>>> print(open('model-v4.tsv').read())   # TSV, C-alpha atoms
chain	number	residue	atom	x	y	z
A	401	MET	CA	-117.14	83.78	-79.45
A	402	GLU	CA	-117.60	82.28	-76.01
A	403	VAL	CA	-120.51	80.64	-74.19
A	404	LYS	CA	-120.79	79.35	-70.64
A	405	VAL	CA	-121.98	75.75	-70.27
A	406	ILE	CA	-123.37	74.46	-66.97
A	407	PHE	CA	-123.76	70.66	-66.78
A	408	GLY	CA	-124.57	69.23	-63.37
A	409	LYS	CA	-122.02	70.61	-60.95
A	410	LYS	CA	-119.57	71.50	-63.72
A	411	GLU	CA	-119.31	74.93	-65.29
A	412	GLU	CA	-117.06	75.81	-68.19
A	413	ASN	CA	-116.51	78.54	-70.75
A	414	ARG	CA	-116.27	77.21	-74.28
A	415	ALA	CA	-114.88	79.02	-77.31
A	416	ILE	CA	-117.08	78.24	-80.31
A	417	PRO	CA	-117.26	79.45	-83.91
A	418	GLU	CA	-120.07	81.72	-85.18
A	419	GLU	CA	-123.27	79.89	-86.18
A	420	THR	CA	-122.81	77.03	-83.76
A	421	THR	CA	-125.98	75.24	-82.70
A	422	ILE	CA	-126.77	73.83	-79.29
A	423	LYS	CA	-126.70	70.35	-80.81
A	424	GLU	CA	-123.13	70.90	-82.00
A	425	VAL	CA	-122.06	71.91	-78.50
A	426	LEU	CA	-123.78	68.80	-77.05
A	427	ASP	CA	-122.11	66.59	-79.69
A	428	ALA	CA	-118.72	68.10	-78.84
A	429	MET	CA	-119.35	67.24	-75.19
A	430	ASP	CA	-120.52	63.73	-76.17
A	431	ILE	CA	-123.96	64.33	-74.66
A	432	SER	CA	-127.02	62.80	-76.33
A	433	SER	CA	-129.64	65.48	-76.91
A	434	GLU	CA	-132.26	62.76	-76.27
A	435	ALA	CA	-131.13	62.55	-72.65
A	436	VAL	CA	-131.13	66.22	-71.74
A	437	VAL	CA	-133.23	69.38	-71.68
A	438	VAL	CA	-131.32	72.57	-72.42
A	439	LYS	CA	-132.00	76.05	-71.10
A	440	ARG	CA	-130.39	79.09	-72.69
A	441	ASN	CA	-130.30	82.17	-70.48
A	442	ASN	CA	-132.90	80.41	-68.32
A	443	GLU	CA	-135.38	79.60	-71.11
A	444	ILE	CA	-135.90	76.11	-72.56
A	445	VAL	CA	-134.60	75.91	-76.14
A	446	ILE	CA	-134.47	73.36	-78.93
A	447	GLU	CA	-131.17	71.92	-80.05
A	448	GLU	CA	-131.35	73.51	-83.53
A	449	GLU	CA	-131.04	77.02	-82.07
A	450	PHE	CA	-127.88	79.00	-82.87
A	451	LEU	CA	-125.85	80.35	-80.00
A	452	VAL	CA	-124.65	83.93	-79.63
A	453	ASP	CA	-121.66	85.29	-77.77
A	454	GLY	CA	-122.17	85.36	-74.01
A	455	ASP	CA	-125.03	82.84	-73.92
A	456	VAL	CA	-125.32	80.77	-70.74
A	457	ILE	CA	-126.35	77.19	-71.46
A	458	GLU	CA	-127.69	74.93	-68.74
A	459	VAL	CA	-127.77	71.26	-69.69
A	460	ILE	CA	-130.15	69.28	-67.44
A	461	ARG	CA	-129.72	65.51	-67.56
A	462	VAL	CA	-133.23	64.09	-67.45
A	463	ILE	CA	-132.73	60.55	-68.76
A	464	TYR	CA	-130.05	58.07	-67.81
A	465	GLY	CA	-128.87	55.31	-70.05
A	466	GLY	CA	-129.86	57.30	-73.16
B	998	MET	CA	-135.73	81.88	-84.45
B	999	LYS	CA	-138.25	79.06	-85.02
B	1000	THR	CA	-141.92	79.75	-84.30
B	1001	CYS	CA	-144.68	77.61	-82.77
B	1002	THR	CA	-146.59	75.69	-85.45
B	1003	LYS	CA	-149.80	76.10	-83.43
B	1004	CYS	CA	-149.82	79.75	-82.37
B	1005	GLY	CA	-146.77	81.36	-84.03
B	1006	ALA	CA	-145.18	82.37	-80.70
B	1007	THR	CA	-141.48	82.20	-79.80
B	1008	PRO	CA	-139.44	80.63	-78.37
B	1009	VAL	CA	-140.11	77.07	-79.39
B	1010	ILE	CA	-139.27	74.52	-76.66
B	1011	ILE	CA	-139.78	71.30	-78.61
B	1012	HIS	CA	-139.29	70.01	-82.11
B	1013	ARG	CA	-141.24	66.75	-82.34
B	1014	LYS	CA	-139.21	64.92	-84.93
B	1015	ALA	CA	-141.86	62.24	-85.32
B	1016	SER	CA	-144.42	64.77	-86.59
B	1017	GLY	CA	-142.32	67.82	-87.49
B	1018	GLN	CA	-144.39	69.91	-85.06
B	1019	MET	CA	-142.67	72.76	-83.18
B	1020	LEU	CA	-144.33	74.10	-80.04
B	1021	CYS	CA	-143.91	76.98	-77.62
B	1022	LYS	CA	-144.13	76.35	-73.88
B	1023	ASP	CA	-147.88	76.98	-73.50
B	1024	CYS	CA	-148.87	74.97	-76.57
B	1025	PHE	CA	-146.59	72.09	-75.53
B	1026	ILE	CA	-148.06	71.92	-72.01
B	1027	GLU	CA	-151.58	72.07	-73.45
B	1028	SER	CA	-150.80	69.42	-76.06
B	1029	ALA	CA	-149.20	66.99	-73.57
B	1030	THR	CA	-152.02	67.47	-71.05
B	1031	GLU	CA	-154.69	66.93	-73.70
B	1032	LYS	CA	-152.94	63.80	-74.94
B	1033	VAL	CA	-152.93	62.31	-71.43
B	1034	LEU	CA	-156.57	63.25	-70.75
B	1035	LYS	CA	-157.55	61.81	-74.14
B	1036	ASN	CA	-155.80	58.54	-73.23
B	1037	ILE	CA	-157.74	58.52	-69.94
B	1038	ARG	CA	-161.07	59.14	-71.71
B	1039	ARG	CA	-160.51	56.79	-74.67
B	1040	ASN	CA	-159.50	53.85	-72.49
B	1041	LYS	CA	-161.88	54.69	-69.62
B	1042	LEU	CA	-158.91	54.70	-67.23
B	1043	ILE	CA	-160.60	56.96	-64.72
B	1044	GLU	CA	-164.31	57.46	-64.24
B	1045	ARG	CA	-166.40	59.77	-62.11
B	1046	GLY	CA	-166.35	58.67	-58.46
B	1047	ASP	CA	-163.05	56.79	-58.67
B	1048	LYS	CA	-160.57	57.04	-55.83
B	1049	VAL	CA	-157.18	57.16	-57.54
B	1050	ALA	CA	-153.92	56.29	-55.80
B	1051	VAL	CA	-150.94	57.80	-57.61
B	1052	ALA	CA	-147.74	55.80	-57.08
B	1053	LEU	CA	-145.55	58.84	-56.49
B	1054	SER	CA	-141.77	58.39	-56.47
B	1055	GLY	CA	-140.87	62.07	-56.81
B	1056	GLY	CA	-139.37	61.43	-60.25
B	1057	LYS	CA	-140.60	63.20	-63.37
B	1058	ASP	CA	-143.03	60.50	-64.52
B	1059	SER	CA	-145.12	60.16	-61.39
B	1060	VAL	CA	-145.03	63.92	-60.78
B	1061	MET	CA	-146.49	64.48	-64.27
B	1062	VAL	CA	-149.21	61.88	-63.58
B	1063	LEU	CA	-150.08	63.55	-60.27
B	1064	ASP	CA	-150.16	67.01	-61.86
B	1065	ILE	CA	-152.56	66.00	-64.65
B	1066	VAL	CA	-154.77	63.60	-62.69
B	1067	ASN	CA	-155.08	66.31	-60.04
B	1068	SER	CA	-156.97	68.43	-62.60
B	1069	LEU	CA	-159.77	65.83	-62.38
B	1070	HIS	CA	-159.58	66.01	-58.59
B	1071	GLU	CA	-159.82	69.81	-58.67
B	1072	ARG	CA	-162.97	69.47	-60.76
B	1073	ASN	CA	-164.42	67.13	-58.10
B	1074	ILE	CA	-164.64	64.26	-60.59
B	1075	ILE	CA	-162.47	61.92	-58.51
B	1076	ASP	CA	-160.88	61.46	-55.11
B	1077	LEU	CA	-157.09	61.34	-55.10
B	1078	PHE	CA	-154.15	60.44	-52.87
B	1079	ALA	CA	-150.49	59.53	-53.29
B	1080	ILE	CA	-148.40	56.56	-52.14
B	1081	THR	CA	-144.61	56.77	-51.96
B	1082	ILE	CA	-142.45	53.73	-51.36
B	1083	ASP	CA	-139.20	54.20	-49.51
B	1084	GLU	CA	-137.12	51.27	-50.74
B	1085	GLY	CA	-134.14	52.30	-48.63
B	1086	ILE	CA	-131.54	53.18	-51.27
B	1087	GLY	CA	-128.72	55.22	-49.75
B	1088	GLY	CA	-127.96	58.55	-51.43
B	1089	TYR	CA	-131.00	58.32	-53.70
B	1090	ARG	CA	-134.40	57.60	-52.21
B	1091	LYS	CA	-134.47	60.15	-49.37
B	1092	HIS	CA	-134.42	63.00	-51.86
B	1093	GLY	CA	-137.24	61.43	-53.89
B	1094	VAL	CA	-139.42	60.93	-50.81
B	1095	GLU	CA	-138.94	64.57	-49.81
B	1096	ILE	CA	-139.85	65.79	-53.30
B	1097	ALA	CA	-142.89	63.50	-53.39
B	1098	ALA	CA	-144.09	64.86	-50.04
B	1099	LYS	CA	-143.58	68.41	-51.24
B	1100	ASN	CA	-145.66	67.80	-54.38
B	1101	ALA	CA	-148.50	66.16	-52.49
B	1102	LYS	CA	-148.52	68.93	-49.90
B	1103	LYS	CA	-148.53	71.66	-52.56
B	1104	LEU	CA	-151.65	70.13	-54.12
B	1105	GLY	CA	-153.27	69.41	-50.74
B	1106	ILE	CA	-153.39	65.67	-51.41
B	1107	ASP	CA	-153.24	62.92	-48.76
B	1108	HIS	CA	-149.89	61.17	-48.86
B	1109	ARG	CA	-148.83	57.76	-47.50
B	1110	ILE	CA	-145.16	56.86	-47.24
B	1111	ALA	CA	-144.44	53.14	-46.81
B	1112	SER	CA	-141.01	51.59	-46.50
B	1113	PHE	CA	-139.48	48.19	-47.33
B	1114	LYS	CA	-138.01	48.27	-43.82
B	1115	ASP	CA	-141.44	48.57	-42.20
B	1116	TYR	CA	-143.12	45.91	-44.30
B	1117	PHE	CA	-140.28	43.45	-44.97
B	1118	GLY	CA	-137.73	44.31	-42.28
B	1119	LYS	CA	-134.96	45.18	-44.75
B	1120	THR	CA	-133.98	48.10	-46.95
B	1121	LEU	CA	-133.10	47.37	-50.59
B	1122	ASP	CA	-129.47	48.17	-49.76
B	1123	GLU	CA	-129.55	45.54	-47.00
B	1124	ILE	CA	-131.14	43.04	-49.39
B	1125	MET	CA	-128.34	43.61	-51.89
B	1126	HIS	CA	-125.78	42.84	-49.18
B	1127	ASN	CA	-127.67	39.76	-48.03
B	1128	GLU	CA	-125.83	36.48	-48.66
B	1129	SER	CA	-129.09	34.63	-49.34
B	1130	ARG	CA	-129.95	36.96	-52.20
B	1131	GLN	CA	-130.75	35.15	-55.45
B	1132	HIS	CA	-131.95	37.97	-57.73
B	1133	GLY	CA	-130.97	41.43	-58.92
B	1134	ALA	CA	-132.12	44.63	-57.22
B	1135	CYS	CA	-134.87	45.40	-59.74
B	1136	THR	CA	-136.54	42.01	-59.18
B	1137	TYR	CA	-136.76	42.44	-55.39
B	1138	CYS	CA	-137.69	46.09	-55.77
B	1139	GLY	CA	-140.49	45.39	-58.27
B	1140	VAL	CA	-142.02	42.55	-56.25
B	1141	PHE	CA	-141.91	44.33	-52.86
B	1142	ARG	CA	-143.02	47.68	-54.29
B	1143	ARG	CA	-146.02	46.13	-56.07
B	1144	TRP	CA	-146.99	44.25	-52.91
B	1145	ILE	CA	-146.90	47.40	-50.74
B	1146	ILE	CA	-148.67	49.64	-53.27
B	1147	ASN	CA	-151.46	47.12	-53.69
B	1148	ARG	CA	-151.83	46.62	-49.93
B	1149	VAL	CA	-151.90	50.36	-49.17
B	1150	ALA	CA	-154.27	51.09	-52.07
B	1151	ARG	CA	-156.71	48.50	-50.72
B	1152	GLU	CA	-156.42	49.83	-47.17
B	1153	GLU	CA	-157.33	53.28	-48.50
B	1154	ASN	CA	-160.20	51.90	-50.63
B	1155	ALA	CA	-158.60	53.07	-53.87
B	1156	THR	CA	-160.38	51.96	-57.04
B	1157	LYS	CA	-157.41	52.67	-59.35
B	1158	ILE	CA	-153.64	52.86	-59.00
B	1159	ALA	CA	-152.06	55.30	-61.47
B	1160	THR	CA	-148.42	54.66	-62.36
B	1161	GLY	CA	-145.90	56.77	-64.27
B	1162	HIS	CA	-145.06	54.35	-67.09
B	1163	ASN	CA	-144.14	56.42	-70.15
B	1164	LEU	CA	-143.77	55.51	-73.83
B	1165	ASP	CA	-140.12	54.51	-73.42
B	1166	ASP	CA	-141.00	52.21	-70.49
B	1167	GLU	CA	-143.77	50.50	-72.44
B	1168	THR	CA	-141.63	50.06	-75.56
B	1169	GLU	CA	-138.86	48.57	-73.41
B	1170	ALA	CA	-141.29	46.18	-71.71
B	1171	ILE	CA	-142.69	45.00	-75.05
B	1172	LEU	CA	-139.24	44.43	-76.57
B	1173	MET	CA	-137.80	42.81	-73.43
B	1174	ASN	CA	-140.58	40.27	-73.35
B	1175	TYR	CA	-140.37	39.60	-77.11
B	1176	LEU	CA	-136.62	39.10	-76.79
B	1177	GLU	CA	-137.00	36.81	-73.79
B	1178	GLY	CA	-139.89	34.96	-75.41
B	1179	ASN	CA	-142.00	35.74	-72.36
B	1180	ILE	CA	-145.43	35.54	-73.98
B	1181	ASP	CA	-147.16	35.25	-70.60
B	1182	ASN	CA	-145.84	38.68	-69.61
B	1183	LEU	CA	-146.74	40.10	-73.03
B	1184	THR	CA	-150.41	39.22	-72.46
B	1185	ARG	CA	-150.35	41.44	-69.37
B	1186	ILE	CA	-148.82	44.59	-70.89
B	1187	GLY	CA	-151.44	47.24	-71.44
B	1188	VAL	CA	-152.84	50.62	-70.52
B	1189	LYS	CA	-155.12	49.13	-67.84
B	1190	SER	CA	-154.69	45.94	-65.83
B	1191	GLU	CA	-157.34	43.24	-65.69
B	1192	PRO	CA	-156.94	41.76	-62.20
B	1193	LYS	CA	-157.61	38.06	-61.73
B	1194	ASN	CA	-158.39	38.60	-58.06
B	1195	ASP	CA	-160.53	41.32	-56.52
B	1196	LYS	CA	-157.84	41.98	-53.93
B	1197	PHE	CA	-155.80	43.53	-56.75
B	1198	THR	CA	-156.64	47.16	-57.47
B	1199	ILE	CA	-156.82	48.06	-61.19
B	1200	LYS	CA	-153.61	49.71	-62.42
B	1201	ILE	CA	-153.69	52.42	-65.07
B	1202	LYS	CA	-150.99	54.15	-67.10
B	1203	PRO	CA	-152.13	57.68	-67.98
B	1204	ILE	CA	-148.83	58.83	-69.59
B	1205	ARG	CA	-148.19	55.66	-71.56
B	1206	GLU	CA	-148.12	57.50	-74.89
B	1207	ILE	CA	-145.80	60.32	-73.78
B	1208	PRO	CA	-142.08	59.85	-74.61
B	1209	GLU	CA	-139.74	60.09	-71.63
B	1210	LYS	CA	-138.04	63.20	-73.01
B	1211	GLU	CA	-141.42	64.96	-73.26
B	1212	VAL	CA	-142.27	63.97	-69.68
B	1213	ALA	CA	-139.06	65.69	-68.57
B	1214	LEU	CA	-139.83	68.71	-70.71
B	1215	TYR	CA	-143.33	68.92	-69.25
B	1216	VAL	CA	-142.20	68.99	-65.61
B	1217	ILE	CA	-139.46	71.53	-66.36
B	1218	ALA	CA	-141.81	73.74	-68.41
B	1219	ARG	CA	-144.42	73.55	-65.60
B	1220	GLU	CA	-141.65	74.27	-63.07
B	1221	LEU	CA	-142.68	71.27	-60.95
B	1222	ASP	CA	-140.44	69.92	-58.21
B	1223	VAL	CA	-138.85	66.65	-59.33
B	1224	HIS	CA	-135.62	64.76	-58.86
B	1225	PHE	CA	-133.69	63.63	-61.92
B	1226	ASP	CA	-131.30	61.37	-60.03
B	1227	GLU	CA	-130.51	57.94	-61.40
B	1228	CYS	CA	-131.32	54.91	-59.28
B	1229	PRO	CA	-127.90	53.38	-58.48
B	1230	TYR	CA	-129.23	49.90	-59.29
B	1231	SER	CA	-130.88	50.70	-62.64
B	1232	ARG	CA	-127.83	50.09	-64.81
B	1233	GLU	CA	-127.62	46.47	-63.75
B	1234	SER	CA	-130.87	45.59	-65.41
B	1235	PHE	CA	-131.72	44.04	-68.76
B	1236	ARG	CA	-134.29	46.82	-69.07
B	1237	GLY	CA	-131.41	49.33	-68.96
B	1238	GLU	CA	-129.70	47.59	-71.88
B	1239	VAL	CA	-132.88	47.44	-73.95
B	1240	GLY	CA	-133.60	51.08	-73.08
B	1241	ARG	CA	-130.22	52.22	-74.40
B	1242	PHE	CA	-130.80	50.26	-77.61
B	1243	VAL	CA	-134.27	51.78	-78.14
B	1244	LYS	CA	-132.97	55.30	-77.55
B	1245	GLU	CA	-130.14	54.78	-80.03
B	1246	LEU	CA	-132.62	53.55	-82.63
B	1247	SER	CA	-134.99	56.45	-81.95
B	1248	ALA	CA	-132.32	59.02	-82.83
B	1249	ASN	CA	-132.55	58.04	-86.53
B	1250	HIS	CA	-136.07	56.60	-86.44
B	1251	PRO	CA	-138.14	59.03	-84.35
B	1252	THR	CA	-141.42	57.15	-84.75
B	1253	ILE	CA	-140.06	53.77	-83.67
B	1254	MET	CA	-141.48	53.80	-80.12
B	1255	TYR	CA	-144.95	54.89	-81.25
B	1256	SER	CA	-145.04	52.19	-83.92
B	1257	THR	CA	-143.82	49.51	-81.48
B	1258	LEU	CA	-146.59	50.44	-79.03
B	1259	LYS	CA	-149.36	50.81	-81.63
B	1260	GLY	CA	-148.35	47.58	-83.35
B	1261	PHE	CA	-148.29	45.72	-80.06
B	1262	ASP	CA	-151.71	47.07	-79.01
B	1263	LYS	CA	-153.11	45.79	-82.32
B	1264	ILE	CA	-151.80	42.25	-81.94
B	1265	LYS	CA	-152.37	42.01	-78.20
B	1266	PRO	CA	-155.96	40.73	-78.41
B	1267	ALA	CA	-154.71	37.90	-80.64
B	1268	ILE	CA	-151.83	37.10	-78.25
B	1269	LYS	CA	-154.25	37.12	-75.32
B	1270	LYS	CA	-156.74	34.89	-77.09
B	1271	GLU	CA	-154.05	32.43	-78.09
B	1272	PHE	CA	-151.95	32.38	-74.91
B	1273	SER	CA	-154.19	33.33	-72.00
B	1274	GLY	CA	-155.94	29.96	-72.00
B	1275	LYS	CA	-153.98	28.76	-68.99
B	1276	LYS	CA	-156.23	29.28	-65.98
B	1277	VAL	CA	-154.29	30.33	-62.91
B	1278	ASN	CA	-155.89	29.37	-59.63
B	1279	MET	CA	-155.44	32.58	-57.74
B	1280	GLY	CA	-155.88	32.10	-54.03
B	1281	ASN	CA	-154.51	33.92	-51.02
B	1282	CYS	CA	-151.01	33.73	-49.59
B	1283	ILE	CA	-151.09	31.64	-46.40
B	1284	GLN	CA	-148.71	34.08	-44.75
B	1285	CYS	CA	-149.86	37.59	-45.67
B	1286	GLY	CA	-153.29	36.98	-47.19
B	1287	GLU	CA	-152.44	38.83	-50.40
B	1288	PRO	CA	-153.38	37.22	-53.73
B	1289	ALA	CA	-151.09	34.36	-54.71
B	1290	SER	CA	-151.05	31.59	-57.29
B	1291	HIS	CA	-149.13	29.28	-54.92
B	1292	GLU	CA	-149.19	28.79	-51.15
B	1293	LEU	CA	-146.97	31.81	-50.65
B	1294	CYS	CA	-147.03	35.01	-52.70
B	1295	ARG	CA	-143.77	36.03	-54.36
B	1296	ALA	CA	-143.09	38.78	-51.79
B	1297	CYS	CA	-143.37	36.33	-48.86
B	1298	LEU	CA	-141.30	33.77	-50.74
B	1299	PHE	CA	-138.54	36.37	-51.27
B	1300	ALA	CA	-138.75	37.60	-47.68
B	1301	LYS	CA	-138.48	34.03	-46.41
B	1302	SER	CA	-135.46	33.21	-48.54
B	1303	LEU	CA	-133.73	36.47	-47.52
B	1304	ASN	CA	-134.17	35.40	-43.91
B	1305	GLY	CA	-132.30	32.23	-44.74
B	1306	GLU	CA	-135.43	30.05	-44.56
B	1307	GLN	CA	-136.11	27.45	-47.24
>>> encode(input="model-v4.tsv", output="structure tokens")
Amino acid sequence: MEVKVIFGKKEENRAIPEETTIKEVLDAMDISSEAVVVKRNNEIVIEEEFLVDGDVIEVIRVIYGG
Amino acid sequence: MKTCTKCGATPVIIHRKASGQMLCKDCFIESATEKVLKNIRRNKLIERGDKVAVALSGGKDSVMVLDIVNSLHERNIIDLFAITIDEGIGGYRKHGVEIAAKNAKKLGIDHRIASFKDYFGKTLDEIMHNESRQHGACTYCGVFRRWIINRVAREENATKIATGHNLDDETEAILMNYLEGNIDNLTRIGVKSEPKNDKFTIKIKPIREIPEKEVALYVIARELDVHFDECPYSRESFRGEVGRFVKELSANHPTIMYSTLKGFDKIKPAIKKEFSGKKVNMGNCIQCGEPASHELCRACLFAKSLNGEQ
């Protein structure tokens, strides 16, 4: 399945397996979940949530140096 | 989908690993607000009739402070205004000042903007390019910012200055001073300052027990205007290094910042008793009249040396 990830000014489509969590996507992008707040389809979500095909993930960097 | 441990609603926007609690947006906002107000009540940070100056940078921390302290203003318990310092940092500060002004305007709060350029004749960028410079950006910034905030607060008859120090900031400050063996500084860390001179306005830290990540979550959940930009000078600092270390530790030990703060607050009276014996003769700076323990205050000393004077 595929999700769209928006991080700052970058936007990319990522192919991911079924039952992938937001945390796993962040780990794959080498982003610390402690430093960001994530919105899925415009709603804030926790990193343990599973993604579904077509989800749009916005990763907002809120802490630097984390 | 996970459900809120308080009301059962979905979606959940936070999983507090330190307590296991999961909260929906409304319960999280309520919980964070209550925690801050409880801190204010328990430590008597703000009392009826106070005039509170919020040091408002436009970043998440000060915007959260303004938002919550404003609830006391709306209930006519206190008077409130905001001070924003324009340090003069290219590509960074202008945005923060605009956001700060927007927040103050939205709440109908008086807002003073004061710049390094106006008070000290130089922007922070100019200071960093100055050949006479002897310190890092954060040292100049801290000294000049404190000087201006205190001066403006006094001009406006403020009784308290509220700052946006969060749990991460406090933990970093405690560890930095332990690591540097700076016991004198340790005696001064706390939720409320105890000024040695009545020209200093009392400083309070309403969000001291809120982790930085939760501060960010709060402003996003409340849809407040903030800027999340990084100060271009922040990475140079020792604080930055300690901050990265604390955050790494917190990933596997989620209660570490709370325990550092609580432990420190418990031993602080003993540290103060043992190490605050040294009486500092606090007079007034011969140049600017602000409180100083020597002839010149630190801000005037810095300004003088940046002008190439001895």
>>> interface_residues(input="model-v4.tsv", of="chain B", to="chain A", cutoff="7 Å", atoms="all atoms listed in the file", output="list of chain:residue names")
B:Val1009, B:Ile1010, B:Ile1011, B:His1012, B:Lys1210, B:Ala1213, B:Leu1214, B:Phe1225, B:Glu1227, B:Gly1237, B:Arg1241, B:Lys1244
>>> residues_around(input="model-v4.tsv", residues="Lys410 (chain A)", least_positions_apart="2", cutoff="12 Å", atoms="all atoms listed in the file", output="number ranges by chain")
A: 404-408, 412-413, 457-460
>>> residues_around(input="model-v4.tsv", residues="Gly1056 (chain B)", least_positions_apart="2", cutoff="10 Å", atoms="only C-alpha atoms", output="NGL selection string")
(:A and (462)) or (:B and (1053-1054 or 1058-1061 or 1092-1094 or 1096-1097 or 1161 or 1213 or 1216 or 1222-1227))
>>> residues_around(input="model-v4.tsv", residues="region 1133-1136 of chain B", least_positions_apart="2", cutoff="7 Å", atoms="all atoms listed in the file", output="PyMOL selection string")
chain B and resi 1125+1138-1140+1230+1234
>>> residues_around(input="model-v4.tsv", residues="Val1033 (chain B)", least_positions_apart="5", cutoff="10 Å", atoms="only C-alpha atoms", output="ChimeraX atom specification")
/B:1028,1038-1039,1061-1062,1065-1066,1202-1207
>>> residues_near_point(input="model-v4.tsv", point="(-147.9, 52.1, -50.8)", cutoff="6 Å", atoms="all atoms listed in the file", output="PDB file with C-alpha atoms, in the frame of the given file")
ATOM      1  CA  ILE B1080    -148.400  56.560 -52.140  1.00  0.00           C
ATOM      2  CA  THR B1081    -144.610  56.770 -51.960  1.00  0.00           C
ATOM      3  CA  ILE B1082    -142.450  53.730 -51.360  1.00  0.00           C
ATOM      4  CA  ALA B1111    -144.440  53.140 -46.810  1.00  0.00           C
ATOM      5  CA  ILE B1145    -146.900  47.400 -50.740  1.00  0.00           C
ATOM      6  CA  ILE B1146    -148.670  49.640 -53.270  1.00  0.00           C
ATOM      7  CA  VAL B1149    -151.900  50.360 -49.170  1.00  0.00           C
TER       8      VAL B1149
END
>>> residues_around(input="model-v4.tsv", residues="Ala428 (chain A)", least_positions_apart="5", cutoff="12 Å", atoms="all atoms listed in the file", output="PyMOL selection string")
chain A and resi 405+414-416+420-423+433
>>> atom_distance(input="model-v4.tsv", atom1="CA of Asn1147 (chain B)", atom2="CA of Arg1295 (chain B)")
13.5 Å
>>> axis_aligned_box(input="model-v4.tsv", around="region 405-416 of chain A", padding_each_side="5 Å", output="AutoDock Vina command-line options")
--center_x -119.7 --center_y 74.1 --center_z -70.6 --size_x 19.7 --size_y 19.8 --size_z 29.4
>>> atom_distance(input="model-v4.tsv", atom1="CA of Ala1300 (chain B)", atom2="CA of Phe1117 (chain B)")
6.6 Å
>>> closest_residue(input="model-v4.tsv", among="B:Gly1105, B:Glu1209, B:Thr1007, B:Tyr1175", to="Ala1029 (chain B)", atoms="only C-alpha atoms")
B:Glu1209
>>> build_atoms(input="model-v4.tsv", residues="region 1050-1061 of chain B", atoms="N, CA, C and O atoms", output="PDB file, in the frame of the given file")
ATOM      1  N   ALA B1050    -155.185  56.247 -56.555  1.00  0.00           N
ATOM      2  CA  ALA B1050    -153.920  56.290 -55.800  1.00  0.00           C
ATOM      3  C   ALA B1050    -152.800  56.502 -56.814  1.00  0.00           C
ATOM      4  O   ALA B1050    -152.613  55.673 -57.703  1.00  0.00           O
ATOM      5  N   VAL B1051    -152.072  57.599 -56.708  1.00  0.00           N
ATOM      6  CA  VAL B1051    -150.940  57.800 -57.610  1.00  0.00           C
ATOM      7  C   VAL B1051    -149.686  57.256 -56.921  1.00  0.00           C
ATOM      8  O   VAL B1051    -149.366  57.650 -55.790  1.00  0.00           O
ATOM      9  N   ALA B1052    -149.008  56.324 -57.600  1.00  0.00           N
ATOM     10  CA  ALA B1052    -147.740  55.800 -57.080  1.00  0.00           C
ATOM     11  C   ALA B1052    -146.682  56.863 -57.359  1.00  0.00           C
ATOM     12  O   ALA B1052    -146.226  57.010 -58.484  1.00  0.00           O
ATOM     13  N   LEU B1053    -146.352  57.618 -56.323  1.00  0.00           N
ATOM     14  CA  LEU B1053    -145.550  58.840 -56.490  1.00  0.00           C
ATOM     15  C   LEU B1053    -144.128  58.639 -55.966  1.00  0.00           C
ATOM     16  O   LEU B1053    -143.910  58.555 -54.763  1.00  0.00           O
ATOM     17  N   SER B1054    -143.163  58.604 -56.896  1.00  0.00           N
ATOM     18  CA  SER B1054    -141.770  58.390 -56.470  1.00  0.00           C
ATOM     19  C   SER B1054    -141.044  59.724 -56.261  1.00  0.00           C
ATOM     20  O   SER B1054    -140.006  59.771 -55.602  1.00  0.00           O
ATOM     21  N   GLY B1055    -141.572  60.783 -56.855  1.00  0.00           N
ATOM     22  CA  GLY B1055    -140.870  62.070 -56.810  1.00  0.00           C
ATOM     23  C   GLY B1055    -140.068  62.299 -58.080  1.00  0.00           C
ATOM     24  O   GLY B1055    -139.526  63.369 -58.312  1.00  0.00           O
ATOM     25  N   GLY B1056    -140.003  61.273 -58.932  1.00  0.00           N
ATOM     26  CA  GLY B1056    -139.370  61.430 -60.250  1.00  0.00           C
ATOM     27  C   GLY B1056    -140.324  62.088 -61.224  1.00  0.00           C
ATOM     28  O   GLY B1056    -141.508  62.258 -60.934  1.00  0.00           O
ATOM     29  N   LYS B1057    -139.813  62.408 -62.405  1.00  0.00           N
ATOM     30  CA  LYS B1057    -140.600  63.200 -63.370  1.00  0.00           C
ATOM     31  C   LYS B1057    -141.906  62.522 -63.791  1.00  0.00           C
ATOM     32  O   LYS B1057    -142.923  63.196 -63.948  1.00  0.00           O
ATOM     33  N   ASP B1058    -141.864  61.202 -63.968  1.00  0.00           N
ATOM     34  CA  ASP B1058    -143.030  60.500 -64.520  1.00  0.00           C
ATOM     35  C   ASP B1058    -144.233  60.552 -63.573  1.00  0.00           C
ATOM     36  O   ASP B1058    -145.328  60.928 -63.974  1.00  0.00           O
ATOM     37  N   SER B1059    -143.989  60.183 -62.319  1.00  0.00           N
ATOM     38  CA  SER B1059    -145.120  60.160 -61.390  1.00  0.00           C
ATOM     39  C   SER B1059    -145.577  61.570 -61.038  1.00  0.00           C
ATOM     40  O   SER B1059    -146.755  61.802 -60.771  1.00  0.00           O
ATOM     41  N   VAL B1060    -144.642  62.527 -61.071  1.00  0.00           N
ATOM     42  CA  VAL B1060    -145.030  63.920 -60.780  1.00  0.00           C
ATOM     43  C   VAL B1060    -145.926  64.455 -61.899  1.00  0.00           C
ATOM     44  O   VAL B1060    -146.902  65.163 -61.653  1.00  0.00           O
ATOM     45  N   MET B1061    -145.628  64.060 -63.153  1.00  0.00           N
ATOM     46  CA  MET B1061    -146.490  64.480 -64.270  1.00  0.00           C
ATOM     47  C   MET B1061    -147.883  63.854 -64.124  1.00  0.00           C
ATOM     48  O   MET B1061    -148.900  64.516 -64.321  1.00  0.00           O
TER      49      MET B1061
END
